[in-house]
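Heads up, the thing below is written out as structure tokens.
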Amino acid sequence: MSRKKAVAAEFARYLRTETVGGTVLLAATAIALIWANSPLSPAYFGLRDLHAGPLTVGEWATDGLLAIFFFVAGLELKRELVVGELSEFKAAILPVVAAIGGMIVPALIALSIGWGQPGIEKAWAIPVATDIAFALGVLALTASGLPSSLRVFLLSLAVVDDLGAIVVIAILFTAHFNLLAAGAVVLLLALYWFLQHKRVTSVWLYVPIALATWWFMHESGIHATIAGVALALLTRVKRDPYEQEAPAVRLEHRLQPWSAGVAVPVFALFAAGVPVGAEALGRLFADKIAIGVIVGLVVGKVIGIVGASALAVWFKAAVWPSGAGPRDIFAVAVLGGVGFTVSLLIADLSLDQPETAKAAVLIASMISSLLAAVLLIRRSRAHGTMSG
């Protein structure tokens, strides 16, 4: 192996380390916040809103690059469902039930606090979502001593949560639904599954199919990142005897550095630029919708996730993740209050003047991140003491 290839391989291995990915993500978020609230903010918003082909730079980051992250997350989820922690039904059902509880309770809280305010008929959906990328980034930085089953739980919960939020967006906000484009998505996904079934390995077939699936998903009116999850769930995860790795494992290994080192940080750079000046903060605590968003994310997520999980286990429909218990789930549930991307998107779609609600999403996400970090570090130490 040449020196250049060796350096590239080592850098890729470095980026696969989740702590590094989380650090890069948080650094990009900090840069975005500082840039968007500095005298150079016109340059930030000008770049974000600059059209590059059919989409703006910000849309390419949110809809395009984030689809790579969703694909990698979907590959891991599929692997866990088939051969990993979630291969047993009672283990797999817990994050699904938790995600549903974590959607319903925040929505009810936001609706009750914001009742009667203009826009609340759609803005109740703002605190519904958990941001996968940010939640996993915080978990990676703070929970090195916790069982890996908790990461799988959070990943599964966040994927189900975001899928649910996308369904809400489709019902409440889809102004148009292109049936022909949706039909093309179905045909392309069927072709992808057929090629996987026939053990076809040509990248020259799969890359055009993936790009076309993403584009037609976008054109159909459905959030384009769903294409990443759909393709991942159709990827084969069991290797044949003649294979060193299954396709899902091979793809995850190759794409993880691009996801952690490029896709997620660039997405964060253009998603996190929310104005949080004194004027915005002053309006925040006089706005009932904004208060409902904060309480829904910080408090409602915890009540919904922990309550639904406890009920599922109590009724023996589910089991706690292996090696983990209610206190660990509570810490992860606090992390569920990191709304960010999809929450910001719903704020944009539901309100004529979304700045205050977007600031509320940002503040709630920061509060949830900090509280979860403290709890996760404590739980990591507790698990380290128990194992010692």
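Ordering of the structure tokens sets the chain letters (A, B, ...); residue numbers start at 1 within each chain; ligands are numbered from 1 in the order shown.
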Do a neighbour search on segment 208-224 of chain A at 7 Å with only C-alpha atoms, toss out local chain neighbours closer than 4 positions, and write the hits as a list in words.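 Surrounding residues, per the criterion: Asp63, Ile166, Ala170, Thr174, His176, Phe177, Asn178, Leu179, Ala181, Ala182, Ala184, Val185, Leu188 and Trp204 of chain A.
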Just list the residues in segment 50-274 of chain A DSSP gives alpha helix (DSSP H) on the backbone, as a PDB file with C-alpha atoms, in the first residue's frame.
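The result, written out as selection_28.pdb:
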ATOM      1  CA  VAL A  57     -27.077  25.152  -0.961  1.00  0.00           C
ATOM      2  CA  GLY A  58     -28.970  24.679   2.324  1.00  0.00           C
ATOM      3  CA  GLU A  59     -31.455  22.314   0.669  1.00  0.00           C
ATOM      4  CA  LEU A  66     -28.305  14.103   5.042  1.00  0.00           C
ATOM      5  CA  ALA A  67     -29.689  11.274   2.904  1.00  0.00           C
ATOM      6  CA  ILE A  68     -26.204   9.713   3.086  1.00  0.00           C
ATOM      7  CA  PHE A  69     -26.389   9.787   6.874  1.00  0.00           C
ATOM      8  CA  PHE A  70     -29.891   8.284   6.796  1.00  0.00           C
ATOM      9  CA  PHE A  71     -28.603   5.542   4.496  1.00  0.00           C
ATOM     10  CA  VAL A  72     -25.747   4.677   6.872  1.00  0.00           C
ATOM     11  CA  ALA A  73     -28.100   4.800   9.898  1.00  0.00           C
ATOM     12  CA  GLY A  74     -30.594   2.631   8.008  1.00  0.00           C
ATOM     13  CA  LEU A  75     -27.901   0.063   7.212  1.00  0.00           C
ATOM     14  CA  GLU A  76     -27.026  -0.210  10.893  1.00  0.00           C
ATOM     15  CA  LEU A  77     -30.694  -0.472  11.838  1.00  0.00           C
ATOM     16  CA  LYS A  78     -31.293  -3.237   9.258  1.00  0.00           C
ATOM     17  CA  ARG A  79     -28.264  -5.156  10.538  1.00  0.00           C
ATOM     18  CA  GLU A  80     -29.485  -4.901  14.123  1.00  0.00           C
ATOM     19  CA  LEU A  81     -32.996  -6.009  13.119  1.00  0.00           C
ATOM     20  CA  VAL A  82     -31.762  -9.076  11.257  1.00  0.00           C
ATOM     21  CA  VAL A  83     -28.691 -10.303  13.145  1.00  0.00           C
ATOM     22  CA  PHE A  89     -39.393  -9.087  18.651  1.00  0.00           C
ATOM     23  CA  LYS A  90     -39.591  -7.892  22.275  1.00  0.00           C
ATOM     24  CA  ALA A  91     -36.314  -6.026  21.869  1.00  0.00           C
ATOM     25  CA  ALA A  92     -37.318  -4.531  18.511  1.00  0.00           C
ATOM     26  CA  ILE A  93     -40.741  -3.328  19.663  1.00  0.00           C
ATOM     27  CA  LEU A  94     -39.434  -1.247  22.593  1.00  0.00           C
ATOM     28  CA  PRO A  95     -37.912   1.643  20.558  1.00  0.00           C
ATOM     29  CA  VAL A  96     -41.003   1.696  18.314  1.00  0.00           C
ATOM     30  CA  VAL A  97     -43.338   2.065  21.308  1.00  0.00           C
ATOM     31  CA  ALA A  98     -40.953   4.597  22.899  1.00  0.00           C
ATOM     32  CA  ALA A  99     -40.860   6.656  19.692  1.00  0.00           C
ATOM     33  CA  ILE A 100     -44.660   6.747  19.484  1.00  0.00           C
ATOM     34  CA  GLY A 101     -44.917   7.885  23.114  1.00  0.00           C
ATOM     35  CA  GLY A 102     -42.165  10.420  22.455  1.00  0.00           C
ATOM     36  CA  MET A 103     -44.199  11.887  19.612  1.00  0.00           C
ATOM     37  CA  ILE A 104     -47.674  11.964  21.175  1.00  0.00           C
ATOM     38  CA  VAL A 105     -46.838  13.554  24.549  1.00  0.00           C
ATOM     39  CA  PRO A 106     -44.771  16.517  23.204  1.00  0.00           C
ATOM     40  CA  ALA A 107     -47.450  17.201  20.585  1.00  0.00           C
ATOM     41  CA  LEU A 108     -50.177  17.269  23.259  1.00  0.00           C
ATOM     42  CA  ILE A 109     -48.104  19.557  25.484  1.00  0.00           C
ATOM     43  CA  ALA A 110     -47.357  21.986  22.638  1.00  0.00           C
ATOM     44  CA  LEU A 111     -51.005  21.984  21.580  1.00  0.00           C
ATOM     45  CA  SER A 112     -52.306  22.611  25.111  1.00  0.00           C
ATOM     46  CA  ILE A 113     -49.855  25.443  25.886  1.00  0.00           C
ATOM     47  CA  ILE A 120     -50.940  26.236  16.455  1.00  0.00           C
ATOM     48  CA  GLU A 121     -53.171  24.034  14.278  1.00  0.00           C
ATOM     49  CA  LYS A 122     -49.943  22.930  12.564  1.00  0.00           C
ATOM     50  CA  ALA A 123     -47.198  24.140  14.915  1.00  0.00           C
ATOM     51  CA  ILE A 132     -30.712  11.380  14.750  1.00  0.00           C
ATOM     52  CA  ALA A 133     -27.399  12.976  13.831  1.00  0.00           C
ATOM     53  CA  PHE A 134     -27.169  15.330  16.814  1.00  0.00           C
ATOM     54  CA  ALA A 135     -28.523  12.818  19.332  1.00  0.00           C
ATOM     55  CA  LEU A 136     -26.021  10.147  18.266  1.00  0.00           C
ATOM     56  CA  GLY A 137     -23.232  12.733  18.264  1.00  0.00           C
ATOM     57  CA  VAL A 138     -23.910  13.699  21.890  1.00  0.00           C
ATOM     58  CA  LEU A 139     -24.256  10.032  22.857  1.00  0.00           C
ATOM     59  CA  ALA A 140     -20.910   9.211  21.244  1.00  0.00           C
ATOM     60  CA  LEU A 141     -19.172  11.978  23.199  1.00  0.00           C
ATOM     61  CA  THR A 142     -20.643  11.169  26.607  1.00  0.00           C
ATOM     62  CA  SER A 148     -23.989  -0.736  22.996  1.00  0.00           C
ATOM     63  CA  SER A 149     -27.649  -1.783  23.179  1.00  0.00           C
ATOM     64  CA  LEU A 150     -28.509   1.771  24.294  1.00  0.00           C
ATOM     65  CA  ARG A 151     -27.036   3.230  21.115  1.00  0.00           C
ATOM     66  CA  VAL A 152     -29.096   0.761  19.094  1.00  0.00           C
ATOM     67  CA  PHE A 153     -32.175   1.771  21.119  1.00  0.00           C
ATOM     68  CA  LEU A 154     -31.583   5.485  20.446  1.00  0.00           C
ATOM     69  CA  LEU A 155     -30.826   4.882  16.759  1.00  0.00           C
ATOM     70  CA  SER A 156     -34.001   2.836  16.299  1.00  0.00           C
ATOM     71  CA  LEU A 157     -36.113   5.291  18.291  1.00  0.00           C
ATOM     72  CA  ALA A 158     -34.795   8.261  16.305  1.00  0.00           C
ATOM     73  CA  VAL A 159     -35.322   6.555  12.937  1.00  0.00           C
ATOM     74  CA  VAL A 160     -38.933   5.641  13.830  1.00  0.00           C
ATOM     75  CA  ASP A 161     -39.410   9.127  15.297  1.00  0.00           C
ATOM     76  CA  ASP A 162     -38.180  10.864  12.147  1.00  0.00           C
ATOM     77  CA  LEU A 163     -40.233   8.570   9.912  1.00  0.00           C
ATOM     78  CA  GLY A 164     -43.283   9.487  11.994  1.00  0.00           C
ATOM     79  CA  ALA A 165     -42.433  13.176  11.694  1.00  0.00           C
ATOM     80  CA  ILE A 166     -42.089  12.828   7.922  1.00  0.00           C
ATOM     81  CA  VAL A 167     -45.562  11.238   7.839  1.00  0.00           C
ATOM     82  CA  VAL A 168     -46.879  14.229   9.817  1.00  0.00           C
ATOM     83  CA  ILE A 169     -45.225  16.581   7.314  1.00  0.00           C
ATOM     84  CA  ALA A 170     -46.751  14.629   4.424  1.00  0.00           C
ATOM     85  CA  ILE A 171     -50.236  14.890   5.953  1.00  0.00           C
ATOM     86  CA  LEU A 172     -50.100  18.505   7.144  1.00  0.00           C
ATOM     87  CA  PHE A 173     -47.807  20.262   4.711  1.00  0.00           C
ATOM     88  CA  LEU A 179     -48.065  10.228  -8.095  1.00  0.00           C
ATOM     89  CA  LEU A 180     -45.865   9.527 -11.133  1.00  0.00           C
ATOM     90  CA  ALA A 181     -42.699  10.386  -9.182  1.00  0.00           C
ATOM     91  CA  ALA A 182     -43.854   8.202  -6.259  1.00  0.00           C
ATOM     92  CA  GLY A 183     -44.505   5.367  -8.709  1.00  0.00           C
ATOM     93  CA  ALA A 184     -40.979   5.775 -10.073  1.00  0.00           C
ATOM     94  CA  VAL A 185     -39.638   5.498  -6.508  1.00  0.00           C
ATOM     95  CA  VAL A 186     -41.515   2.225  -5.979  1.00  0.00           C
ATOM     96  CA  LEU A 187     -40.179   0.790  -9.260  1.00  0.00           C
ATOM     97  CA  LEU A 188     -36.607   1.849  -8.486  1.00  0.00           C
ATOM     98  CA  LEU A 189     -36.772   0.366  -4.982  1.00  0.00           C
ATOM     99  CA  ALA A 190     -38.135  -2.880  -6.457  1.00  0.00           C
ATOM    100  CA  LEU A 191     -35.253  -2.926  -8.950  1.00  0.00           C
ATOM    101  CA  TYR A 192     -32.734  -2.319  -6.147  1.00  0.00           C
ATOM    102  CA  TRP A 193     -34.226  -5.214  -4.128  1.00  0.00           C
ATOM    103  CA  PHE A 194     -34.176  -7.487  -7.206  1.00  0.00           C
ATOM    104  CA  LEU A 195     -30.499  -6.739  -7.876  1.00  0.00           C
ATOM    105  CA  GLN A 196     -29.674  -7.427  -4.219  1.00  0.00           C
ATOM    106  CA  HIS A 197     -31.631 -10.681  -4.386  1.00  0.00           C
ATOM    107  CA  VAL A 203     -21.539  -0.036  -8.472  1.00  0.00           C
ATOM    108  CA  TRP A 204     -22.345   1.302 -11.964  1.00  0.00           C
ATOM    109  CA  LEU A 205     -25.902   0.035 -11.490  1.00  0.00           C
ATOM    110  CA  TYR A 206     -26.457   0.875  -7.835  1.00  0.00           C
ATOM    111  CA  VAL A 207     -25.224   4.499  -7.824  1.00  0.00           C
ATOM    112  CA  PRO A 208     -27.563   5.669 -10.641  1.00  0.00           C
ATOM    113  CA  ILE A 209     -30.465   3.788  -9.015  1.00  0.00           C
ATOM    114  CA  ALA A 210     -29.752   5.429  -5.635  1.00  0.00           C
ATOM    115  CA  LEU A 211     -29.469   8.918  -7.157  1.00  0.00           C
ATOM    116  CA  ALA A 212     -32.637   8.451  -9.197  1.00  0.00           C
ATOM    117  CA  THR A 213     -34.512   7.138  -6.156  1.00  0.00           C
ATOM    118  CA  TRP A 214     -33.452  10.203  -4.159  1.00  0.00           C
ATOM    119  CA  TRP A 215     -34.473  12.601  -6.936  1.00  0.00           C
ATOM    120  CA  PHE A 216     -37.892  11.053  -7.578  1.00  0.00           C
ATOM    121  CA  MET A 217     -38.522  10.903  -3.815  1.00  0.00           C
ATOM    122  CA  HIS A 218     -37.815  14.622  -3.665  1.00  0.00           C
ATOM    123  CA  GLU A 219     -40.057  15.294  -6.676  1.00  0.00           C
ATOM    124  CA  SER A 220     -42.892  13.217  -5.202  1.00  0.00           C
ATOM    125  CA  ILE A 226     -36.502   8.821   3.308  1.00  0.00           C
ATOM    126  CA  ALA A 227     -34.875   7.450   0.152  1.00  0.00           C
ATOM    127  CA  GLY A 228     -31.749   6.723   2.200  1.00  0.00           C
ATOM    128  CA  VAL A 229     -33.672   4.730   4.817  1.00  0.00           C
ATOM    129  CA  ALA A 230     -35.691   2.841   2.186  1.00  0.00           C
ATOM    130  CA  LEU A 231     -32.607   1.775   0.205  1.00  0.00           C
ATOM    131  CA  ALA A 232     -30.786   0.759   3.384  1.00  0.00           C
ATOM    132  CA  LEU A 233     -33.642  -1.445   4.585  1.00  0.00           C
ATOM    133  CA  PRO A 247     -23.226  -5.752   1.237  1.00  0.00           C
ATOM    134  CA  ALA A 248     -24.718  -3.779   4.163  1.00  0.00           C
ATOM    135  CA  VAL A 249     -21.554  -4.145   6.258  1.00  0.00           C
ATOM    136  CA  ARG A 250     -19.322  -3.265   3.299  1.00  0.00           C
ATOM    137  CA  LEU A 251     -21.348  -0.161   2.442  1.00  0.00           C
ATOM    138  CA  GLU A 252     -21.534   0.967   6.060  1.00  0.00           C
ATOM    139  CA  HIS A 253     -17.758   0.599   6.376  1.00  0.00           C
ATOM    140  CA  ARG A 254     -17.087   2.628   3.221  1.00  0.00           C
ATOM    141  CA  LEU A 255     -19.679   5.363   3.686  1.00  0.00           C
ATOM    142  CA  GLN A 256     -19.311   6.003   7.433  1.00  0.00           C
ATOM    143  CA  PRO A 257     -16.271   8.309   7.028  1.00  0.00           C
ATOM    144  CA  TRP A 258     -18.093  10.350   4.359  1.00  0.00           C
ATOM    145  CA  VAL A 264     -23.326  15.530   8.800  1.00  0.00           C
ATOM    146  CA  PRO A 265     -20.966  18.488   9.503  1.00  0.00           C
ATOM    147  CA  VAL A 266     -22.005  20.315   6.304  1.00  0.00           C
ATOM    148  CA  PHE A 267     -25.655  19.658   7.136  1.00  0.00           C
ATOM    149  CA  ALA A 268     -25.092  21.062  10.646  1.00  0.00           C
ATOM    150  CA  LEU A 269     -23.326  24.106   9.224  1.00  0.00           C
ATOM    151  CA  PHE A 270     -26.415  25.089   7.233  1.00  0.00           C
ATOM    152  CA  ALA A 271     -29.101  23.846   9.650  1.00  0.00           C
TER     153      ALA A 271
END
For Gly282 of chain A: contacts at 12 Å, only C-alpha atoms, fewer than 5 positions along chain excluded, given as a list in words: Val276, Gly277, Asp287, Ala290, Thr356, Ala359 and Ala360 of chain A
Convert the current residue selection to file output with C-alpha atoms, as a compact mmCIF listing (two decimals), in the first residue's frame.
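again.txt written:
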# COMPACT_ATOMS: atom_id res chain seq x y z
CA VAL A 276 -30.62 33.96 18.78
CA GLY A 277 -30.07 37.64 19.53
CA ASP A 287 -44.73 33.40 22.78
CA ALA A 290 -42.37 28.79 21.61
CA THR A 356 -39.13 32.61 17.52
CA ALA A 359 -35.01 29.78 18.48
CA ALA A 360 -37.15 27.72 20.88
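The residue that comes closest to Val342 of chain A, out of A:Ile367, A:Leu375, A:Val293, A:Val128 and on the basis of only C-alpha atoms, is A:Val128.
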What's around segment 382-384 of chain A at 10 Å? Count only C-alpha atoms, leave out sequence neighbours fewer than 6 positions away in its own chain, and write the answer as a list in words.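 Answer for this query is Ser144, Gly145, Leu146, Pro147, Gly323, Ala324, Asp328 and Leu376 of chain A.
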Could the residues in this selection be written to a file with all heavy atoms, as a PDB file, in the first residue's frame?
ATOM      1  N   SER A 144     -19.415   6.540  26.520  1.00  0.00           N
ATOM      2  CA  SER A 144     -18.496   5.470  26.103  1.00  0.00           C
ATOM      3  C   SER A 144     -18.589   4.240  27.004  1.00  0.00           C
ATOM      4  O   SER A 144     -18.273   3.127  26.577  1.00  0.00           O
ATOM      5  CB  SER A 144     -17.054   5.995  26.094  1.00  0.00           C
ATOM      6  OG  SER A 144     -16.704   6.475  27.392  1.00  0.00           O
ATOM      7  N   GLY A 145     -19.032   4.414  28.245  1.00  0.00           N
ATOM      8  CA  GLY A 145     -19.085   3.280  29.159  1.00  0.00           C
ATOM      9  C   GLY A 145     -20.419   2.566  29.203  1.00  0.00           C
ATOM     10  O   GLY A 145     -20.581   1.604  29.958  1.00  0.00           O
ATOM     11  N   LEU A 146     -21.379   3.015  28.398  1.00  0.00           N
ATOM     12  CA  LEU A 146     -22.715   2.411  28.427  1.00  0.00           C
ATOM     13  C   LEU A 146     -22.808   1.232  27.467  1.00  0.00           C
ATOM     14  O   LEU A 146     -22.055   1.147  26.493  1.00  0.00           O
ATOM     15  CB  LEU A 146     -23.781   3.460  28.062  1.00  0.00           C
ATOM     16  CG  LEU A 146     -24.025   4.538  29.104  1.00  0.00           C
ATOM     17  CD1 LEU A 146     -25.013   5.565  28.593  1.00  0.00           C
ATOM     18  CD2 LEU A 146     -24.541   3.934  30.401  1.00  0.00           C
ATOM     19  N   PRO A 147     -23.742   0.317  27.702  1.00  0.00           N
ATOM     20  CA  PRO A 147     -23.917  -0.829  26.801  1.00  0.00           C
ATOM     21  C   PRO A 147     -24.248  -0.366  25.379  1.00  0.00           C
ATOM     22  O   PRO A 147     -24.974   0.615  25.187  1.00  0.00           O
ATOM     23  CB  PRO A 147     -25.103  -1.589  27.414  1.00  0.00           C
ATOM     24  CG  PRO A 147     -25.193  -1.125  28.820  1.00  0.00           C
ATOM     25  CD  PRO A 147     -24.680   0.270  28.843  1.00  0.00           C
ATOM     26  N   GLY A 323     -28.368  -5.340  29.196  1.00  0.00           N
ATOM     27  CA  GLY A 323     -27.386  -4.645  30.023  1.00  0.00           C
ATOM     28  C   GLY A 323     -27.815  -3.272  30.497  1.00  0.00           C
ATOM     29  O   GLY A 323     -27.044  -2.570  31.154  1.00  0.00           O
ATOM     30  N   ALA A 324     -29.021  -2.846  30.152  1.00  0.00           N
ATOM     31  CA  ALA A 324     -29.492  -1.506  30.510  1.00  0.00           C
ATOM     32  C   ALA A 324     -30.792  -1.605  31.300  1.00  0.00           C
ATOM     33  O   ALA A 324     -31.459  -2.646  31.303  1.00  0.00           O
ATOM     34  CB  ALA A 324     -29.699  -0.658  29.260  1.00  0.00           C
ATOM     35  N   ASP A 328     -31.014   4.157  32.607  1.00  0.00           N
ATOM     36  CA  ASP A 328     -30.327   4.392  31.339  1.00  0.00           C
ATOM     37  C   ASP A 328     -31.304   4.910  30.283  1.00  0.00           C
ATOM     38  O   ASP A 328     -30.975   5.818  29.513  1.00  0.00           O
ATOM     39  CB  ASP A 328     -29.669   3.093  30.844  1.00  0.00           C
ATOM     40  CG  ASP A 328     -28.677   2.537  31.843  1.00  0.00           C
ATOM     41  OD1 ASP A 328     -27.843   3.311  32.347  1.00  0.00           O
ATOM     42  OD2 ASP A 328     -28.752   1.332  32.133  1.00  0.00           O
ATOM     43  N   LEU A 376     -25.798  10.960  31.098  1.00  0.00           N
ATOM     44  CA  LEU A 376     -25.117   9.849  30.414  1.00  0.00           C
ATOM     45  C   LEU A 376     -23.721   9.620  30.990  1.00  0.00           C
ATOM     46  O   LEU A 376     -23.277   8.467  31.119  1.00  0.00           O
ATOM     47  CB  LEU A 376     -25.041  10.134  28.913  1.00  0.00           C
ATOM     48  CG  LEU A 376     -26.381  10.035  28.167  1.00  0.00           C
ATOM     49  CD1 LEU A 376     -26.264  10.664  26.785  1.00  0.00           C
ATOM     50  CD2 LEU A 376     -26.825   8.581  28.058  1.00  0.00           C
TER      51      LEU A 376
END
Coordinates-based distance that separates atom CA of Arg327 of chain A from atom CA of Ala372 of chain A (Å, one decimal): 11.8 Å
At what distance in Å, to one decimal, does atom CA of Leu25 of chain A lie from atom CA of Ala260 of chain A?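 Distance reported for this atom pair: 7.8 Å.
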Which residues, written as a PyMOL selection string, have at least one atom at most 10 Å from Ile294 of chain A, with only C-alpha atoms counted and residues fewer than 4 positions away on the same chain left out? chain A and resi 106+109-110+126-127+284+288-290+298-300+337+339+357+359-365+367-368
Counting only C-alpha atoms, which of A:Ile291, A:Val338, A:Val237, A:Ala373 gets nearest to Trp115 of chain A? A:Ile291
